[in-house]
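K.L.:
The file below is query.txt, compact mmCIF, C-alpha atoms:
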# COMPACT_ATOMS: atom_id res chain seq x y z
CA MET A 1 -11.32 -7.19 16.39
CA SER A 2 -15.07 -7.32 15.81
CA PRO A 3 -17.21 -10.37 16.78
CA TYR A 4 -17.96 -10.82 13.08
CA TYR A 5 -14.32 -11.54 12.35
CA HIS A 6 -14.13 -13.95 15.26
CA ALA A 7 -17.06 -15.85 13.76
CA ARG A 8 -15.45 -16.31 10.35
CA VAL A 9 -12.00 -17.81 10.63
CA PRO A 10 -10.17 -18.70 7.41
CA ARG A 11 -8.94 -22.27 7.05
CA LEU A 12 -7.53 -24.86 4.67
CA THR A 13 -9.57 -27.95 3.74
CA ASN A 14 -9.80 -30.72 1.13
CA PHE A 15 -6.09 -31.51 0.76
CA LEU A 16 -5.34 -33.48 -2.41
CA GLU A 17 -2.10 -34.63 -4.00
CA VAL A 18 -2.10 -33.43 -7.59
CA GLY A 19 0.62 -35.90 -8.55
CA PRO A 20 3.76 -35.64 -10.68
CA THR A 21 3.93 -32.99 -13.36
CA ASP A 22 6.12 -32.35 -16.37
CA GLU A 23 5.92 -28.61 -15.79
CA PRO A 24 9.43 -27.21 -16.39
CA PRO A 25 11.15 -25.00 -13.80
CA TRP A 26 11.59 -22.24 -16.37
CA LEU A 27 9.21 -19.62 -17.73
CA PRO A 28 6.62 -20.52 -20.38
CA ASP A 29 6.73 -18.76 -23.74
CA GLU A 30 3.70 -16.66 -22.81
CA GLN A 31 1.32 -15.96 -19.94
CA VAL A 32 -2.25 -14.80 -20.55
CA PHE A 33 -4.42 -13.26 -17.82
CA PRO A 34 -8.10 -12.66 -18.72
CA THR A 35 -10.52 -10.49 -16.77
CA ARG A 36 -13.32 -12.31 -14.97
CA ASP A 37 -15.80 -11.52 -17.74
CA GLY A 38 -13.29 -12.43 -20.48
CA ALA A 39 -13.59 -9.02 -22.16
CA ARG A 40 -9.93 -8.10 -21.68
CA GLU A 41 -6.61 -9.92 -21.50
CA LEU A 42 -3.11 -9.10 -20.34
CA ARG A 43 -0.54 -11.00 -22.40
CA LEU A 44 3.09 -11.26 -21.33
CA ALA A 45 5.65 -12.82 -23.67
CA LYS A 46 9.28 -12.96 -24.84
CA ALA A 47 11.17 -13.39 -21.60
CA GLY A 48 14.52 -11.61 -21.48
CA GLU A 49 17.32 -11.41 -18.95
CA LEU A 50 18.97 -8.12 -17.99
CA ARG A 51 21.50 -9.92 -15.83
CA MET A 52 21.91 -13.34 -14.20
CA GLY A 53 18.63 -14.27 -12.50
CA LEU A 54 16.85 -10.98 -13.34
CA THR A 55 14.20 -11.94 -15.89
CA TYR A 56 11.51 -9.73 -17.39
CA TRP A 57 8.82 -9.91 -20.06
CA SER A 58 10.00 -7.82 -23.02
CA GLU A 59 6.52 -7.83 -24.60
CA MET A 60 3.31 -6.77 -22.88
CA ARG A 61 0.02 -6.58 -24.78
CA LEU A 62 -3.50 -5.54 -23.81
CA VAL A 63 -6.39 -7.13 -25.69
CA GLU A 64 -10.03 -6.03 -25.57
CA HIS A 65 -12.76 -8.11 -27.23
CA GLY A 66 -10.07 -9.79 -29.33
CA ARG A 67 -8.46 -6.52 -30.52
CA ASP A 68 -5.00 -5.33 -29.51
CA ILE A 69 -5.36 -2.00 -27.65
CA THR A 70 -1.81 -1.74 -26.29
CA ASP A 71 -0.99 1.38 -28.32
CA ARG A 72 -3.84 3.24 -26.62
CA HIS A 73 -1.95 3.10 -23.33
CA PRO A 74 1.47 4.74 -23.80
CA VAL A 75 1.53 5.84 -20.15
CA LEU A 76 1.34 2.22 -19.06
CA LEU A 77 4.07 1.12 -21.48
CA SER A 78 6.36 3.86 -20.21
CA ALA A 79 5.65 3.08 -16.56
CA VAL A 80 6.68 -0.59 -16.75
CA GLY A 81 10.15 0.38 -17.99
CA HIS A 82 12.06 -2.57 -19.41
CA GLY A 83 8.96 -4.72 -18.87
CA PRO A 84 6.99 -6.61 -16.23
CA VAL A 85 8.87 -8.92 -13.86
CA PRO A 86 7.50 -12.50 -13.91
CA LEU A 87 5.62 -13.56 -10.79
CA GLY A 88 4.60 -17.10 -9.95
CA CYS A 89 1.43 -15.86 -8.27
CA LEU A 90 -0.24 -12.89 -9.98
CA GLU A 91 -3.85 -11.68 -10.08
CA PRO A 92 -3.50 -8.54 -12.23
CA TRP A 93 -7.14 -7.54 -12.82
CA SER A 94 -9.54 -5.90 -10.43
CA THR A 95 -12.97 -7.54 -10.27
CA SER A 96 -14.44 -4.96 -12.64
CA GLY A 97 -11.63 -5.43 -15.17
CA GLU A 98 -11.11 -1.65 -15.27
CA ASN A 99 -7.95 -1.60 -13.16
CA LEU A 100 -4.66 -3.39 -13.69
CA ALA A 101 -1.81 -4.27 -11.32
CA VAL A 102 1.38 -5.00 -13.23
CA THR A 103 4.99 -5.39 -12.19
CA SER A 104 7.75 -3.15 -13.50
CA LEU A 105 11.51 -3.10 -13.98
CA ARG A 106 13.06 0.32 -14.34
CA SER A 107 16.55 1.82 -14.47
CA ASP A 108 17.53 5.07 -12.79
CA VAL A 109 20.63 6.69 -11.29
CA SER A 110 20.57 4.25 -8.37
CA GLY A 111 20.38 1.18 -10.61
CA LEU A 112 17.64 -1.31 -11.42
CA GLN A 113 14.40 -0.92 -9.50
CA GLU A 114 11.72 -3.59 -9.25
CA GLY A 115 8.17 -2.71 -8.33
CA PHE A 116 4.52 -2.66 -9.33
CA LEU A 117 1.97 -0.11 -10.41
CA LEU A 118 -1.81 0.22 -10.42
CA TYR A 119 -3.30 1.49 -13.67
CA ASP A 120 -6.79 2.74 -14.58
CA LEU A 121 -7.66 1.66 -18.14
CA THR A 122 -10.61 4.04 -18.41
CA LEU A 123 -8.76 7.18 -17.30
CA LYS A 124 -5.45 5.94 -18.74
CA HIS A 125 -3.34 6.95 -15.79
CA VAL A 126 -1.17 5.35 -13.12
CA MET A 127 -3.07 5.39 -9.83
CA ALA A 128 -0.17 4.27 -7.63
CA ALA A 129 3.35 2.92 -7.99
CA ARG A 130 5.94 1.27 -5.76
CA GLN A 131 9.60 0.92 -6.74
CA GLY A 132 12.61 -0.45 -4.87
CA ARG A 133 15.09 -3.27 -4.46
CA TRP A 134 12.70 -5.59 -2.73
CA GLY A 135 12.24 -8.78 -4.76
CA LEU A 136 8.49 -8.74 -5.40
CA ARG A 137 7.00 -12.25 -5.18
CA THR A 138 3.21 -11.92 -5.51
CA CYS A 139 0.65 -9.26 -6.43
CA ALA A 140 -3.15 -9.70 -6.27
CA TRP A 141 -6.30 -7.55 -6.25
CA SER A 142 -8.91 -7.91 -3.55
CA PRO A 143 -12.10 -9.54 -4.90
CA THR A 144 -14.29 -6.86 -3.26
CA GLU A 145 -12.33 -3.58 -3.00
CA LEU A 146 -9.74 -1.57 -4.93
CA LEU A 147 -6.92 -2.91 -2.78
CA VAL A 148 -3.81 -4.81 -3.85
CA LEU A 149 -1.85 -7.29 -1.74
CA ALA A 150 1.85 -7.17 -2.65
CA VAL A 151 4.31 -9.57 -1.01
CA SER A 152 8.07 -9.31 -1.43
CA ASN A 153 11.11 -10.99 0.07
CA ASP A 154 11.12 -8.48 2.91
CA GLY A 155 7.46 -7.89 3.70
CA ALA A 156 3.75 -7.88 2.84
CA GLU A 157 1.57 -4.82 2.32
CA VAL A 158 -1.87 -3.73 1.20
CA VAL A 159 -2.03 -0.67 -1.06
CA GLY A 160 -5.14 1.25 -2.08
CA ALA A 161 -5.90 2.23 -5.66
CA GLU A 162 -4.97 5.86 -5.00
CA GLY A 163 -1.68 4.90 -3.42
CA LYS A 164 -2.89 5.15 0.16
CA HIS A 165 -0.80 2.85 2.30
CA GLY A 166 -2.97 0.42 4.26
CA TRP A 167 -0.48 -1.57 6.33
CA ARG A 168 2.85 -3.29 6.00
CA ILE A 169 4.38 -6.30 7.80
CA GLY A 170 8.13 -6.73 7.56
CA PHE A 171 9.75 -10.16 7.33
CA ALA A 172 12.84 -11.23 9.24
CA ALA A 173 15.93 -12.07 7.18
CA GLY A 174 16.49 -15.72 6.30
CA LEU A 175 12.84 -16.77 6.13
CA PRO A 176 11.66 -19.00 3.23
CA THR A 177 10.62 -17.03 0.15
CA VAL A 178 6.94 -16.46 -0.42
CA GLU A 179 5.61 -18.67 -3.23
CA VAL A 180 1.86 -18.08 -3.00
CA ALA A 181 -0.46 -15.36 -1.73
CA GLY A 182 -4.00 -14.13 -2.27
CA TRP A 183 -7.37 -13.20 -0.79
CA THR A 184 -10.22 -15.21 0.64
CA GLU A 185 -13.45 -15.13 -1.35
CA SER A 186 -15.08 -12.54 0.92
CA GLY A 187 -12.09 -10.20 0.70
CA ARG A 188 -11.97 -10.00 4.50
CA PHE A 189 -8.66 -11.82 4.79
CA CYS A 190 -5.49 -12.19 2.79
CA PHE A 191 -2.75 -14.80 3.13
CA TRP A 192 0.72 -15.98 2.12
CA ASN A 193 3.00 -18.92 2.88
CA ALA A 194 5.39 -18.39 5.77
CA ALA A 195 7.27 -20.20 8.52
CA ARG A 196 5.95 -20.43 12.07
CA LEU A 197 8.07 -18.28 14.34
CA GLU A 198 8.09 -20.92 17.09
CA THR A 199 9.00 -24.02 15.08
CA GLY A 200 9.96 -22.91 11.57
CA THR A 201 7.27 -25.22 10.16
CA SER A 202 5.83 -24.18 6.79
CA SER A 203 2.43 -22.56 7.13
CA ILE A 204 -0.19 -20.41 5.44
CA ARG A 205 -0.67 -17.20 7.43
CA PHE A 206 -4.06 -15.44 7.29
CA VAL A 207 -4.40 -11.78 8.29
CA GLU A 208 -7.21 -9.21 8.39
CA HIS A 209 -7.28 -7.02 5.32
CA MET A 210 -7.95 -3.89 7.40
CA ASP A 211 -4.90 -3.90 9.67
CA GLY A 212 -2.82 -7.00 8.89
CA GLY A 213 -3.64 -8.60 12.24
CA LEU A 214 -3.00 -12.35 12.37
CA VAL A 215 -6.24 -14.35 12.58
CA ALA A 216 -5.16 -17.90 11.70
CA GLU A 217 -2.14 -19.98 10.73
CA GLU A 218 -2.40 -23.42 9.10
CA ASP A 219 0.51 -25.85 8.80
CA VAL A 220 1.53 -27.02 5.31
CA ASP A 221 4.55 -29.16 6.17
CA PRO A 222 5.89 -30.64 2.90
CA MET A 223 7.20 -33.73 4.69
CA LEU A 224 3.68 -34.53 5.90
CA LEU A 225 1.84 -33.59 2.72
CA LEU A 226 4.34 -35.02 0.20
CA PRO A 227 6.60 -37.42 2.17
CA TYR A 228 9.66 -39.20 0.76
CA ASP A 229 12.52 -41.31 2.13
CA ALA A 230 14.52 -38.36 3.47
CA ALA A 231 17.17 -40.57 5.11
CA LYS A 232 18.09 -42.04 1.74
CA TYR A 233 19.02 -38.57 0.41
CA ALA A 234 20.28 -36.97 3.61
CA SER A 235 23.90 -37.08 2.46
CA LEU A 236 23.22 -34.95 -0.65
CA SER A 237 24.64 -31.45 -0.31
CA ARG A 238 21.94 -28.85 0.29
CA ASP A 239 24.14 -26.03 -1.08
CA GLU A 240 25.37 -27.59 -4.35
CA TRP A 241 23.81 -28.35 -7.73
CA VAL A 242 22.91 -31.97 -7.07
CA LEU A 243 19.30 -32.23 -8.27
CA VAL A 244 18.92 -33.15 -11.96
CA MET A 245 15.75 -31.58 -13.36
CA GLY A 246 16.26 -32.57 -16.99
CA ARG A 247 17.11 -30.58 -20.12
CA GLY A 248 20.59 -29.87 -18.75
CA THR A 249 19.17 -28.15 -15.67
CA ARG A 250 20.25 -28.72 -12.07
CA GLY A 251 18.98 -27.37 -8.76
CA ILE A 252 20.50 -27.06 -5.32
CA GLY A 253 19.79 -29.77 -2.76
CA ARG A 254 17.72 -27.59 -0.44
CA LEU A 255 14.89 -27.67 -2.98
CA LEU A 256 14.01 -31.02 -1.38
CA ASP A 257 13.27 -29.27 1.92
CA GLY A 258 10.88 -26.43 1.07
CA TRP A 259 8.15 -25.34 -1.31
CA SER A 260 9.49 -24.14 -4.65
CA LEU A 261 6.36 -22.99 -6.49
CA GLY A 262 2.85 -21.87 -5.65
CA ARG A 263 -0.32 -20.90 -7.46
CA PHE A 264 -3.79 -19.79 -6.43
CA ASP A 265 -7.04 -19.68 -8.38
CA PRO A 266 -9.31 -17.01 -6.81
CA THR A 267 -12.34 -18.31 -8.71
CA SER A 268 -12.19 -21.85 -7.25
CA GLN A 269 -10.26 -20.80 -4.12
CA ARG A 270 -7.85 -23.70 -4.76
CA LEU A 271 -4.30 -23.17 -3.56
CA GLU A 272 -1.45 -25.37 -4.80
CA LEU A 273 2.12 -25.76 -3.57
CA GLY A 274 4.87 -27.57 -5.46
CA ILE A 275 8.11 -29.18 -4.28
CA TYR A 276 10.82 -31.31 -5.88
CA ARG A 277 10.98 -34.97 -4.95
CA PRO A 278 13.51 -37.67 -5.98
CA THR A 279 12.67 -39.87 -8.95
CA SER A 280 15.88 -41.95 -8.79
CA ASP A 281 18.34 -43.39 -6.30
CA PRO A 282 21.43 -41.26 -5.56
CA TYR A 283 24.12 -41.61 -8.25
CA PRO A 284 27.47 -39.98 -9.14
CA LEU A 285 27.02 -36.84 -11.21
CA PRO A 286 29.21 -35.67 -14.08
CA PRO A 287 31.14 -32.53 -13.14
CA LEU A 288 29.77 -29.12 -13.98
CA GLY A 289 32.97 -28.03 -15.68
CA ALA A 290 34.47 -25.00 -14.00
CA GLU A 291 31.29 -24.27 -12.05
CA PRO A 292 31.44 -24.35 -8.21
CA GLY A 293 30.53 -27.78 -6.94
CA GLY A 294 31.74 -29.45 -10.11
CA ARG A 295 33.89 -31.95 -8.30
CA ILE A 296 34.22 -35.51 -9.60
CA GLY A 297 32.19 -38.11 -7.74
CA GLN A 298 29.60 -35.69 -6.38
CA MET A 299 26.38 -37.54 -5.56
CA GLY A 300 23.00 -36.37 -6.73
CA CYS A 301 19.64 -37.64 -7.98
CA SER A 302 16.96 -36.96 -10.55
CA VAL A 303 13.90 -35.06 -9.34
CA GLY A 304 10.39 -34.20 -10.45
CA LEU A 305 7.93 -31.54 -9.38
CA ARG A 306 4.98 -32.69 -7.27
CA TRP A 307 2.00 -30.66 -6.14
CA VAL A 308 -0.48 -30.66 -3.30
CA SER A 309 -3.80 -28.85 -3.62
CA MET A 310 -6.02 -27.44 -0.88
CA GLU A 311 -9.11 -25.24 -0.60
CA VAL A 312 -9.14 -21.87 1.11
CA GLY A 313 -12.33 -21.42 3.08
CA GLU A 314 -13.91 -19.24 5.78
Write out the structure in this file as structure tokens.

P.N.:
Amino acid sequence: MSPYYHARVPRLTNFLEVGPTDEPPWLPDEQVFPTRDGARELRLAKAGELRMGLTYWSEMRLVEHGRDITDRHPVLLSAVGHGPVPLGCLEPWSTSGENLAVTSLRSDVSGLQEGFLLYDLTLKHVMAARQGRWGLRTCAWSPTELLVLAVSNDGAEVVGAEGKHGWRIGFAAGLPTVEVAGWTESGRFCFWNAARLETGTSSIRFVEHMDGGLVAEEDVDPMLLLPYDAAKYASLSRDEWVLVMGRGTRGIGRLLDGWSLGRFDPTSQRLELGIYRPTSDPYPLPPLGAEPGGRIGQMGCSVGLRWVSMEVGE
């Protein structure tokens, strides 16, 4: 590792509680991703479901200076298959706005394949593609180079625009899912949420973009950042649908214990993590009909989503 990298260590600062939010736990009707100069937009809409829990955007549109240019890119439309897979943390445009990273959901003889592809809008061709059964979680361009950080349930990797494999770090089974990932402003480091190997404590792990070497790890323990009276709700089952989110939606109890959502704004370098917290005392829940865990007298509580914000610095 060079002395320059030793001198600039990434860190988290300026922690702020964002407060309660009415943001629903389901997908919005549409997501719009503009380029940095605002000249182009990627618009994803009309969420569909191929099977239980496998959601995709059935409509993808490209807009340039207010005009729909989607039909000019048939190669891209074909490459995404059924449509892009929704990601909670996505930075699809390269800094120049000429290159696009978009997720894909395709069917072949081996079944459904999730993945992502890198597309050149000027040359109208796919520069690189990755497909597999890997549960992609985040995908983001470097702010300084044609490199994409892709993090899935089983590992993190950096891929070059021509498909050259930079590095890959595999994750052990049973670790918390990745909810947020991105790059520092200089592009020298990338990061994602993880669990410390020694203690299991939630953290943000920073690695060098060149080789994936660990350079820093900052704790983001939800019990310290967004505390609640855990003893009061300790008896609630962590494996049953005991958290009432509203609109006829319930979540499993373990959502009280770990981060559920994440988002990162590369322009402001603000990172946010969300977790569910009780908004009522425990109370008996009505049964869920024939669903597992639908026993009479099951205790649960109402919950709301709360966020904590922090700044990524170097």

K.L.:
Atom CA of A:Thr13 and atom CA of A:Ala216, how far apart in Å?

P.N.:
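About the pair atom CA of A:Ala216 and atom CA of A:Thr13: they are 13.6 Å apart.
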
K.L.:
Can you work out which one of A:Leu273, A:Leu226, A:Ala140, A:Leu243 has the shortest atom-to-atom distance to A:Glu311, counting all atoms listed in the file?

P.N.:
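Closest candidate: A:Leu273.
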
K.L.:
Between atom CA of A:Pro28 and atom CA of A:Tyr228, what is the distance in Å, rounded to a tenth?

P.N.:
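Atom-to-atom, atom CA of A:Pro28 and atom CA of A:Tyr228 are spaced 28.4 Å apart.
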
K.L.:
Kindly provide the residues of stretch 139-242 of chain A that approach stretch 88-107 of chain A to within 12 Å, each paired with its closest atom pair and their distance in Å to one decimal, based on all atoms listed in the file, listed by chain and increasing number, as a tab-separated table.

P.N.:
residue	atom	partner	partner_atom	distance
A:Cys139	CA	A:Leu90	CA	5.2
A:Ala140	CA	A:Glu91	CA	4.4
A:Trp141	CA	A:Ser94	CA	5.5
A:Ser142	CA	A:Ser94	CA	7.2
A:Pro143	CA	A:Thr95	CA	5.8
A:Thr144	CA	A:Thr95	CA	7.2
A:Glu145	CA	A:Ser94	CA	8.3
A:Leu146	CA	A:Ser94	CA	7.0
A:Leu147	CA	A:Ser94	CA	8.6
A:Val148	CA	A:Ala101	CA	7.8
A:Leu149	CA	A:Glu91	CA	9.6
A:Ala150	CA	A:Leu90	CA	9.5
A:Val151	CA	A:Cys89	CA	10.0
A:Ser152	CA	A:Cys89	CA	11.6
A:Val159	CA	A:Ala101	CA	10.9
A:Gly160	CA	A:Ala101	CA	11.3
A:Ala161	CA	A:Asn99	CA	8.7
A:Glu162	CA	A:Asn99	CA	11.5
A:Thr177	CA	A:Gly88	CA	11.8
A:Val178	CA	A:Cys89	CA	9.6
A:Glu179	CA	A:Gly88	CA	7.0
A:Val180	CA	A:Cys89	CA	5.7
A:Ala181	CA	A:Cys89	CA	6.8
A:Gly182	CA	A:Glu91	CA	8.2
A:Trp183	CA	A:Glu91	CA	10.1
A:Glu185	CA	A:Thr95	CA	11.7
A:Gly187	CA	A:Thr95	CA	11.3
A:Trp192	CA	A:Cys89	CA	10.4
A:Asn193	CA	A:Cys89	CA	11.7

K.L.:
Around (6.8, -8.7, 4.7) in the file's frame, which residues reach within 6 Å when counting all atoms listed in the file? Return as a list in words?

P.N.:
Asp154, Gly155, Ala156, Ile169, Gly170 and Phe171 of chain A
